[in-house]
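Here is the structure we will look at.
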Amino acid sequence: MKKSNRKLLWIFGGLASLFLLFMMTVSFLISYNQAFIRELAISQIKSRIQGDVTLGSITPAFFKAFPDIAVNLHDLTIRDSMWDQHKNDFLKAKNIYLYLSWVSLFKGKPEVKKVTIEDGHLHLYTDACGYRNLNLVEQVDAQKGEGSTPVLTMRRTRLIMENELLNAKHDIEVEYLHGDVTKQDSTVLLDIDIRSLVHGIGFNLEKGSYLKEKTLQGNLLLTYFPHQKLELTKVNLNIQQHPYILHGAFYLDQDTMSYALGIYTKQILYKDAASVLTASIQQHLDSISVSVPFDVEATIAGQMARKVVPAIATRFIVKDATMETGIGRLENCSYTGHFCNQVDCQSLPGDSNSEFTFTSLKADWNDITFTSCHIRISDLIHPFLVCDLQSTFALEKLNHIGESSTLQFVTGTGKMDITYQGAITAKDTILPVLNGKIILQHAEVKYLPRNLDFKDCNGEFTFSNQNLVLNQLVATAGSTQLTMKGQILNLMALLNLNPERLTMDWTISTPVLHLGDFISFVGESAKVQSKKTGSKNKIINASENIDKMLRDGTVKLTLIANNLHYKKFTATGVSATILVTGNKLLIQRTRLQHAGGTVNVEGALTNAYQANLLTLQSNISRVDIPGLFKAFDNFGQDAITAGNMKGKLSAKAKLELVLNDKAEIKGNSMKGAIDFSVKNGELINFEPLVKITTTALKNRDFSHITFA
C-alpha cells in the first residue's frame with residue numbers, strides 16, 4: 001500500500017475515533033445528567049409558565065448540532081388546569097431540541113443556548129370570560145444578562161392565537177421560524193425569519209380574516225417594550241411571493257389594547273391585493289377587476305376588543321389599465337384611488353361609514369373617452385354616488401351603449417359636462433340630482449317609431465337638479481327647419497320609477513312648416529325591437545326608461561309657424577297647442593289664416609292599424625270658398641267644386657273621418673254637420689241648376705247665380 005493511502009486511512013480512522021469518542025462522551029454526559037436535564041427542562045418551563053408539563057424520553061441528537069451538543073425532548077406537552085373544559089393544549093410538540101454548551105455539561109449545570117421545536121402545535125387560547133390557557137409566572141429569573149435568552153427555531157409547527165372574548169383568531173402554519181432575542185436596556189429585540197402558510201389573521205371573525213390561506217415569508221425586526229407595546233421596527237414580508245413592507249405597533253396596555261399598522265407594496269395585481277383582505281371587504285370589490293399591477297399603501301388601526309371593526313385607509317394609483325366594472329369595460333384607465341371606512345371620525349368604522357374616492361380619472365368606455373376630477377362612492381350598505389364627468393364623443397357610439405328602441409344617432413358630436421348625485425342601488429328612495437350640460441353639434445337623429453329623420457341638429461340640454469331644460473335646439477326635418485325649446489320637470493325623480501307619468505313641454509317654431517314632412521304621424525307607430533345584450537346595466541335601464549317616457553309619456557307641443565304647406569293647402573300665422581299621449585294626438589287651440597279668412601280648429605287623431613280616426617270641431621270665418629275647396633280637393637266630392645262656387649264662407653263644423661297611412665280620406669268615411677253662411681256668393685255652372693233650364697225653366701240662364 002502506498003504511503004499516501006496509509007496516511008489517509010490514519011486520518012480517517014482518527015476522525016472516526018474522534019467522532020466515536022464524541023458520541024460516547026455526549027451519551028455519557030446526557031446519561032449522567034439525564035435526570036438533571038429532565039428536571040431542568042420541566043423546572044425552566046414551570047418557572048415561566050403556570051401549568052402542567054409532561055415529557056417523554058430524552059435522547060442525544062448527535063448529528064443535529066455537531067460539534068455542539070443537543071438533546072431531544074420527545075413528546076412534550078404543556079397544558080393548564082382548565083384543560084378538561086376547553087381541550088386546548090398550550091404546547092404539544094413531537095420533538096424539542098435543546099442545544100447545550102460543553103462547559104455547562106462538564107460543570108453539571110447545563111445551559112440551553114438554543115431551542116428547536118419540530119412537529120408542534122402552539123395554541124394561545126383565551127375564553128369568553130377572559131381566562132387564558134397561558135399564565136406567566138411573575139418571578140422570572142431576572143439575574144441573567146443580555147443574550148441569556150436562548151435562540152428559538154420552529155419547524156412544521158402550528159401557531160394559533162385565539163381569543164373568544166375578542167372574537168379574534170390568528171392561525172399560522174409555520175414551515176420554518178428562527179428567532180433571536182436580545183435584551184437592550186429596558187427593551188427586547190426580536191429578529192425573526194419565517195416561512196409559513198397563514199390560515200387567517202382575524203381581528204373580528206364576523207368580518208372574516210386577513211391573509212386567508214396565503215403563504216408568508218420574510219424577516220421581522222420587532223422591539224418589545226415590556227407591558228407597553230410591541231413595535232414593528234422593520235418588517236419585510238413576501239405574501240404569496242409578493243413583497244410587502246410593514247410598520248406600526250401593538251399597544252399592550254391592559255385596558256386599551258390596540259394596534260396601528262401600515263403596509264406598502266408596489267406593482268401588485270388587483271385580485272392579489274383584494275385577496276389578502278377580509279371576506280366582507282372582498283364582496284364589495286369582487287365586481288371590479290384591474291388588468292395592470294399598481295402601487296398600494298394602507299393603514300389599519302383598532303382596539304383588540306370584541307366585535308371592534310378596525311379603521312382602514314388605503315391609497316392606490318392605477319395607470320393605463322383595463323377594468324371590468326358594473327357599467328362595463330373601461331380601457332386606458334388611469335386614476336388615483338382612496339378607500340376609508342371611517343369617514344366620520346365621530347362614528348365607528350364600518351360599511352355605512354366607508355367611502356371610495358377616485359381623482360384625476362381618465363378612461364375609454366365603449367370607445368368614448370371621458371374624464372372626471374372627482375368620483376365618490378359613500379356608504380357601502382346604501383351606496384351613494386357623487387361624481388363629475390366630462391367627454392366629447394361621436395353620438396353614434398351611444399347606440400350600442402343604450403340600445404334604445406326609439407332614438408338612433410346617425411352622425412354628430414356630443415359634448416358633456418355634468419355632475420351627478422344619487423343612489424347606486426335601484427331600490428334606494430333617495431332622489432338623484434343631475435346638473436350640467438350636454439351639447440349636440442351637427443347631429444342626425446332618427447325617431448324610430450315614426451321613422452322621422454332630424455338632420456343638422458345643434459342645441460344645448462341643461463340638467464338642473466331634477467329637471468331637464470332644452471335651451472334651444474335647431475334641426476331640420478325634411479324641408480322644415482325647426483327651432484325647439486322646452487323642459488321635462490322631475491325627470492330624475494320619475495325616470496326610474498314612473499317614466500310614463502312624465503310630461504315633455506316643447507315649444508316649436510318654424511318659418512315654414514311642410515306638413516308632409518310629418519305624415520308618418522298618421523301611420524301606425526313602428527314597434528322597433530332593439531338588440532339587447534344578455535345582462536342589463538344602469539345605462540341600459542335608463543335607456544329603456546327613456547324609451548318608455550317617449551312612448552307612453554305626455555308631450556305638450558306649442559307650435560308656431562309663419563307659413564304652413566300641405567299639398568295644395570297653405571296657411572299663415574299658424575299657432576297650435578297639441579297634446580300627444582299614447583296613440584292619441586289632441587289638437588287644442590289651433591288658429592291659422594287661410595284663403596283670406598281665419599280658421600280655429602280643435603280635435604283628435606287616434607292611431608289604429610292602417611287607419612286613423614280624425615275628429616274636428618272648426619270655426620271658419622270669411623274664408624274664400626274657391627281657395628278653401630282647392631286646398632282640400634273639394635273635400636272628396638264632385639257635387640260642388642272650386643270652379644262652381646265663389647264667396648266668403650263662415651261656418652261651424654263638426655266632422656269625423658278616417659285617414660289612411662298616407663293622410664288621405666277613406667271613401668265614404670266622412671260624416672258630420674255644418675252650420676254655415678255665405679256672403680257675396682256665386683254659383684257658376686252648377687250642373688243641377690243648368691239642367692233645370694232644359695226642363696222647367698227654359699230660356700233662363702242659371703249658369704251664373706249670385707246671392708247674398
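In the C-alpha cells, chains take letters A, B, ... by order of appearance, with residues numbered from 1 within each chain and ligands from 1 in the order shown.
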
To test your reading of the structure, identify every residue in segment 494-650 of chain A that backbone DSSP assigns to strand (DSSP E or B), and report it as a PyMOL selection string. chain A and resi 503-514+554-566+569-581+584-594+597-608+611-624+645-650

Would you list the contacts of Thr598 of chain A as a PyMOL selection string, taking every protein, DNA or RNA residue within 8 Å and counting only C-alpha atoms, but skipping same-chain residues closer than 5 positions in sequence? chain A and resi 591-593+620-623

Neighbouring residues of segment 226-238 of chain A were defined as those with any atom within 8 Å, considering only C-alpha atoms; residues of the same chain fewer than 2 positions away were excluded. Please report them as a ChimeraX atom specification. /A:186-188,215-224,240-253

Contacts of His594 of chain A at 10 Å (only C-alpha atoms; same-chain gap of 4+ positions) as a ChimeraX atom specification: /A:564,569-574,598-599,620-624,627-628,631

Spatial neighbours of Ser575 of chain A, max dist 8 Å, only C-alpha atoms, sep filter under 5 positions, as an NGL selection string: :A and (558-561 or 589-592)

Which residue of A:Leu489, A:Leu657, A:Val308, A:Leu211 approaches Met257 of chain A most closely, using only C-alpha atoms: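 Counting only C-alpha atoms, the residue closest to Met257 of chain A is A:Val308.
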